[in-house]
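K.L.:
Handing you a structure now.
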Amino acid sequence: SPSPSTRPSASAAAASPTLGPDPAEAVIRGVEANAEITFWTFYLSPIFDEYIEDTIARFESTYRGVKVKWEDHQATFQADLNNAFATGIAPDVINLSVSEGWVRDYASTGQLLGLNSIVPKPVQDIYFPGLWNEQLVNGENFQFPWYQGLNVELINKRIYEGKAGLDVDDFPKKIEELPALCKTIKDRTDTPCDIRLTVDDLLSQMVYEGDVGIINDAGTAFTFDSKAGVDWLQMYVDMVAAGTVDKTVLTAKDDRVGLLLFSAGQAAFYSTGPERVGEIKSNNPTLYENLAMQPTPVGKSGVLGKGLMSISVNKATKFPNASVALAQFFTNPRSMLEFAKQVAIYPSSPEAYDDAFFTEAPAAIEDGARPLAEGIVSTYQDIVPTIPKKVDVNKVVLSAVESALYSKVPAQKAL
């Protein structure tokens, strides 16, 4: 927990709301008395209305006198937000997607409040460092890390252990161990591996899995036609040539292609979200009873992925301290733990994982990611540089990668 020095001092309290009966969550100083702030979230209503409203009520009882108006925006979120910024009525506190790069986009145009000097260091240290330092702009952080998602390896023990004679606990920890595993499974069971490339963002996959430098520091030339890039692509080319991966899944546009194959009991393992176990339970109870779960192998970068959601503050807010306090409050360990108990999301702070909810062995298979989550989320960083016209570039890269995988174009030439 934050040290007492990070809590509002007696001198600050004179200009701040009266603290409620439990001030332990009040870690931001100088919160403006009688502040009225607006908070926009992304696709959380109506399912999580009670959670959001209860957390706001607890915030208002902690910083008495501060009032929060909450709105949830969905398909039109970005259009609504852009219009609000353009007309000067943007919300004070904003739920932004880190995975989509929204924090960097809005911070780069001067619309978000920098947090480095405003948030006390002990409060910054509540979060995993990689998540706190995601998407810095000129060295400044503009977001509180909020809820995270993760992928795990779902394993069909009937194939993996029963037919292939492998031990689930020995599932590969590193990406470069997958080719040997897939060869063993193919040799022993005549079953190819169910692996899918991130076809809509191969540039990021190169970075995380192959530690590939994809663009120069000046942002003027692509650099993924390097030894690291070739080694990354060649790993998949070799598996295709050996017949150890299912080609219909490898570059499928839809993740469900691989999921359906695995759900039908026709693959030894598949990387997907742990929430998908519920679908498997409904569609194939026999497979459900034979499932295991392991962390996804880490790439040469040592990072398993980047964060999912964050909360930022409008630079133009009239109540910066109250807005920062609300953003921090929703992302503090207690709030995120309570959120995680309602839905399969994962906190951005180590302290939340000390709770028995995460440390005790879960009874249900679908909850098997809980004991794994801290080790996965703790690696998260956004290590992918800004790519101009990324969507267009990725389409070209996908075409080139497919030429190497399926048309025998040498990996170096393709890249």
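Chain lettering (A, B, ...) mirrors the order of the structure tokens, residue numbering begins at 1 for each chain separately, and ligand numbering begins at 1 in order of display.
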List as a tab-separated table every residue of range 192-264 of chain A that is in contact with range 288-306 of chain A, defined as an atom at most 8 Å from one of its atoms (using only C-alpha atoms), together with the nearest atom pair and the distance in Å rounded to one decimal, sorted by chain and then rising number.
P.N.:
residue	atom	partner	partner_atom	distance
A:Val207	CA	A:Ser301	CA	7.0
A:Tyr208	CA	A:Ser301	CA	5.3
A:Glu209	CA	A:Gly299	CA	3.8
A:Gly210	CA	A:Lys300	CA	5.3
A:Asp211	CA	A:Ser301	CA	4.7
K.L.:
Output the selection as a CSV table (one decimal), in the first residue's frame - N, CA and C atoms for each residue.
P.N.:
chain,number,residue,atom,x,y,z
A,207,VAL,N,8.2,-8.4,-33.6
A,207,VAL,CA,8.9,-7.7,-32.5
A,207,VAL,C,8.8,-8.6,-31.2
A,208,TYR,N,7.7,-9.0,-30.8
A,208,TYR,CA,7.5,-9.8,-29.6
A,208,TYR,C,8.2,-11.1,-29.7
A,209,GLU,N,7.9,-11.9,-30.8
A,209,GLU,CA,8.4,-13.2,-30.9
A,209,GLU,C,9.9,-13.3,-31.3
A,210,GLY,N,10.3,-12.4,-32.3
A,210,GLY,CA,11.6,-12.5,-32.8
A,210,GLY,C,12.6,-11.5,-32.4
A,211,ASP,N,12.1,-10.5,-31.6
A,211,ASP,CA,12.9,-9.4,-31.2
A,211,ASP,C,13.5,-8.7,-32.4
K.L.:
For Thr38 in chain A, work out the shell of residues within 12 Å, counting only C-alpha atoms and skipping chain neighbours fewer than 6 positions away, then give it as a ChimeraX atom specification.
P.N.:
/A:56,66-72,89-95,313-314,317-320,322-324,326-327
K.L.:
Name the closest residue to Ala33 in chain A among the candidates A:Leu250, A:Glu176, A:Val277, A:Tyr63; distances are taken between atoms, counting only C-alpha atoms.
P.N.:
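Looking only at the distances to Ala33 in chain A, the closest residue turns out to be A:Tyr63.
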K.L.:
Give me, as a list in words, all polymer residues having an atom no more than 10 Å from Ser403 in chain A, counting only C-alpha atoms and skipping those fewer than 5 positions away in the same chain.
P.N.:
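The neighbour list is Val237, Val397, Leu398, Lys408, Val409, Pro410, Ala411, Lys413, Ala414 and Leu415 of chain A.
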K.L.:
Pick the closest to Asp187 in chain A from A:Gln205, A:Gly243, A:Phe77, A:Ile118: which is it, counting only C-alpha atoms?
P.N.:
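Once distances to Asp187 in chain A are computed over only C-alpha atoms, the minimum belongs to A:Gly243.
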K.L.:
I need the residue nearest Glu100 in chain A from this list: A:Asp190, A:Asp382, A:Glu32, A:Glu338. Use only C-alpha atoms for the distance.
P.N.:
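Closest to Glu100 in chain A, using only C-alpha atoms: A:Asp382.
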K.L.:
By how many Å are CA of Ile47 in chain A and CA of Val343 in chain A apart?
P.N.:
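Distance between the two atoms: 10.0 Å.
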K.L.:
Fewer than 5 positions away in the same chain doesn't count, so skip those; otherwise give me all residues within 9 Å of Pro120 in chain A, counting only C-alpha atoms, as a short mmCIF file (atom, residue, chain, number, x, y, z; two decimals) with all heavy atoms, in the first residue's frame.
P.N.:
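Generated file (out.cif):
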data_model
loop_
_atom_site.label_atom_id
_atom_site.label_comp_id
_atom_site.auth_asym_id
_atom_site.auth_seq_id
_atom_site.Cartn_x
_atom_site.Cartn_y
_atom_site.Cartn_z
N THR A 6 2.14 9.71 0.90
CA THR A 6 1.48 9.94 -0.39
C THR A 6 0.03 10.35 -0.21
O THR A 6 -0.64 10.67 -1.18
CB THR A 6 1.53 8.68 -1.26
OG1 THR A 6 0.76 7.66 -0.64
CG2 THR A 6 2.95 8.22 -1.46
N VAL A 27 -4.89 8.59 -2.23
CA VAL A 27 -3.44 8.72 -2.37
C VAL A 27 -3.03 9.92 -3.21
O VAL A 27 -1.84 10.14 -3.43
CB VAL A 27 -2.83 7.43 -2.98
CG1 VAL A 27 -3.07 6.24 -2.07
CG2 VAL A 27 -3.40 7.16 -4.37
N ILE A 28 -3.98 10.70 -3.69
CA ILE A 28 -3.68 11.88 -4.50
C ILE A 28 -3.93 13.14 -3.68
O ILE A 28 -5.00 13.31 -3.09
CB ILE A 28 -4.53 11.90 -5.79
CG1 ILE A 28 -4.27 10.63 -6.61
CG2 ILE A 28 -4.23 13.15 -6.62
CD1 ILE A 28 -2.83 10.42 -7.05
N ARG A 29 -2.95 14.00 -3.64
CA ARG A 29 -3.05 15.22 -2.82
C ARG A 29 -3.81 16.32 -3.54
O ARG A 29 -3.89 16.36 -4.76
CB ARG A 29 -1.65 15.74 -2.51
CG ARG A 29 -0.77 14.77 -1.74
CD ARG A 29 0.55 15.43 -1.40
NE ARG A 29 1.42 14.53 -0.64
CZ ARG A 29 2.51 14.93 -0.02
NH1 ARG A 29 2.88 16.20 -0.08
NH2 ARG A 29 3.25 14.06 0.65
N ASP A 125 4.50 3.42 -8.32
CA ASP A 125 5.07 2.10 -8.06
C ASP A 125 4.03 1.05 -7.72
O ASP A 125 4.37 -0.14 -7.57
CB ASP A 125 6.09 2.19 -6.93
CG ASP A 125 7.35 2.95 -7.33
OD1 ASP A 125 7.57 3.13 -8.54
OD2 ASP A 125 8.09 3.38 -6.43
#
K.L.:
Just checking: using only C-alpha atoms, which residue out of A:Leu131, A:Leu202, A:Val119, A:Val152 ends up closest to Ser378 in chain A?
P.N.:
A:Leu131
K.L.:
A:Thr184, A:Ser271, A:Asn116, A:Ser99: which is nearest Gln381 in chain A, counting only C-alpha atoms?
P.N.:
A:Ser99
K.L.:
Based on the backbone DSSP call, show me all residues of range 141-238 of chain A assigned alpha helix (DSSP H), as a VMD selection string.
P.N.:
chain A and resid 157 178 to 189 202 to 210 227 to 238
K.L.:
Could the residues in this selection be saved with C-alpha atoms as a short mmCIF file (atom, residue, chain, number, x, y, z; two decimals), in the first residue's frame?
P.N.:
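Written out: selection.cif:
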data_model
loop_
_atom_site.label_atom_id
_atom_site.label_comp_id
_atom_site.auth_asym_id
_atom_site.auth_seq_id
_atom_site.Cartn_x
_atom_site.Cartn_y
_atom_site.Cartn_z
CA LYS A 157 -4.56 -33.81 -22.59
CA LEU A 178 7.62 -24.92 -30.63
CA PRO A 179 9.01 -26.48 -33.84
CA ALA A 180 10.48 -29.45 -31.96
CA LEU A 181 7.26 -29.89 -30.00
CA CYS A 182 5.14 -29.84 -33.15
CA LYS A 183 7.41 -32.39 -34.82
CA THR A 184 7.06 -34.71 -31.84
CA ILE A 185 3.27 -34.38 -31.84
CA LYS A 186 3.07 -34.94 -35.61
CA ASP A 187 5.39 -37.97 -35.45
CA ARG A 188 3.51 -39.60 -32.58
CA THR A 189 -0.10 -38.67 -33.35
CA LEU A 202 2.50 -9.29 -38.10
CA LEU A 203 4.84 -6.38 -37.46
CA SER A 204 4.08 -6.57 -33.75
CA GLN A 205 4.40 -10.35 -33.75
CA MET A 206 7.87 -10.03 -35.28
CA VAL A 207 8.88 -7.69 -32.48
CA TYR A 208 7.54 -9.76 -29.59
CA GLU A 209 8.44 -13.22 -30.88
CA GLY A 210 11.61 -12.53 -32.84
CA LYS A 227 18.78 -11.79 -39.76
CA ALA A 228 16.37 -11.60 -36.82
CA GLY A 229 13.43 -11.09 -39.19
CA VAL A 230 14.52 -13.92 -41.46
CA ASP A 231 15.04 -16.26 -38.49
CA TRP A 232 11.55 -15.46 -37.20
CA LEU A 233 9.88 -16.14 -40.56
CA GLN A 234 12.03 -19.17 -41.34
CA MET A 235 10.79 -20.89 -38.18
CA TYR A 236 7.26 -20.88 -39.57
CA VAL A 237 8.39 -21.67 -43.12
CA ASP A 238 10.16 -24.78 -41.85
#
K.L.:
Using only C-alpha atoms, which protein or nucleic acid residues come within 8 Å of Tyr43 in chain A? Drop anything in the same chain fewer than 2 positions from it, and give the result as a PDB file with N, CA, C and O atoms, in the first residue's frame.
P.N.:
ATOM      1  N   THR A  41     -16.370   5.673 -20.279  1.00  0.00           N
ATOM      2  CA  THR A  41     -15.815   4.340 -20.444  1.00  0.00           C
ATOM      3  C   THR A  41     -16.187   3.792 -21.817  1.00  0.00           C
ATOM      4  O   THR A  41     -17.033   4.349 -22.520  1.00  0.00           O
ATOM      5  N   SER A  45     -21.156  -0.747 -20.289  1.00  0.00           N
ATOM      6  CA  SER A  45     -22.555  -0.748 -19.878  1.00  0.00           C
ATOM      7  C   SER A  45     -23.370  -1.595 -20.864  1.00  0.00           C
ATOM      8  O   SER A  45     -23.053  -1.630 -22.056  1.00  0.00           O
ATOM      9  N   ASP A  72     -21.076   5.782 -20.648  1.00  0.00           N
ATOM     10  CA  ASP A  72     -20.430   4.714 -21.400  1.00  0.00           C
ATOM     11  C   ASP A  72     -20.730   4.898 -22.881  1.00  0.00           C
ATOM     12  O   ASP A  72     -21.882   5.068 -23.275  1.00  0.00           O
ATOM     13  N   HIS A  73     -19.668   4.884 -23.693  1.00  0.00           N
ATOM     14  CA  HIS A  73     -19.820   5.011 -25.149  1.00  0.00           C
ATOM     15  C   HIS A  73     -19.308   3.726 -25.800  1.00  0.00           C
ATOM     16  O   HIS A  73     -18.360   3.112 -25.317  1.00  0.00           O
ATOM     17  N   GLN A  74     -19.897   3.358 -26.908  1.00  0.00           N
ATOM     18  CA  GLN A  74     -19.569   2.058 -27.478  1.00  0.00           C
ATOM     19  C   GLN A  74     -19.064   2.197 -28.913  1.00  0.00           C
ATOM     20  O   GLN A  74     -17.962   2.689 -29.115  1.00  0.00           O
ATOM     21  N   ALA A  75     -19.819   1.780 -29.905  1.00  0.00           N
ATOM     22  CA  ALA A  75     -19.300   1.752 -31.278  1.00  0.00           C
ATOM     23  C   ALA A  75     -18.823   3.121 -31.759  1.00  0.00           C
ATOM     24  O   ALA A  75     -17.901   3.218 -32.574  1.00  0.00           O
TER      25      ALA A  75
END
K.L.:
Rank nothing, just name the residue among A:Gly149, A:Gly114, A:Gly219, A:Gly30 nearest to Leu308 in chain A, using only C-alpha atoms.
P.N.:
A:Gly149
K.L.:
Find the residues near Pro274 in chain A: any atom within 8 Å, counting only C-alpha atoms, skip ones fewer than 3 places away on the same chain, and give them as a list in words.
P.N.:
Leu150, Asn151, Val152, Leu154, Val277, Ala344, Glu366, Asp367, Gly368 and Ala369 of chain A
K.L.:
Store the residues picked out above, limited to C-alpha atoms, as an mmCIF file, in the first residue's frame.
P.N.:
data_model
loop_
_atom_site.group_PDB
_atom_site.id
_atom_site.type_symbol
_atom_site.label_atom_id
_atom_site.label_comp_id
_atom_site.auth_asym_id
_atom_site.auth_seq_id
_atom_site.Cartn_x
_atom_site.Cartn_y
_atom_site.Cartn_z
ATOM 1 C CA LEU A 150 -4.161 -12.394 -21.743
ATOM 2 C CA ASN A 151 -3.745 -15.442 -23.924
ATOM 3 C CA VAL A 152 -2.951 -18.898 -22.601
ATOM 4 C CA LEU A 154 -5.317 -24.536 -23.902
ATOM 5 C CA VAL A 277 -13.103 -22.353 -22.118
ATOM 6 C CA ALA A 344 -12.006 -12.559 -16.705
ATOM 7 C CA GLU A 366 -12.006 -21.979 -16.925
ATOM 8 C CA ASP A 367 -10.409 -20.193 -13.961
ATOM 9 C CA GLY A 368 -7.055 -21.847 -14.529
ATOM 10 C CA ALA A 369 -5.485 -18.614 -15.809
#
K.L.:
Report the residues of range 131-243 of chain A whose backbone DSSP state falls under strand (DSSP E), written as a ChimeraX atom specification.
P.N.:
/A:144-145,152-156
K.L.:
So which residues touch Ile195 in chain A within 9 Å, counting only C-alpha atoms, skipping near sequence neighbours fewer than 3 positions away, as an MDAnalysis selection string?
P.N.:
chainID A and resid 245:247 249:251 258 269:271
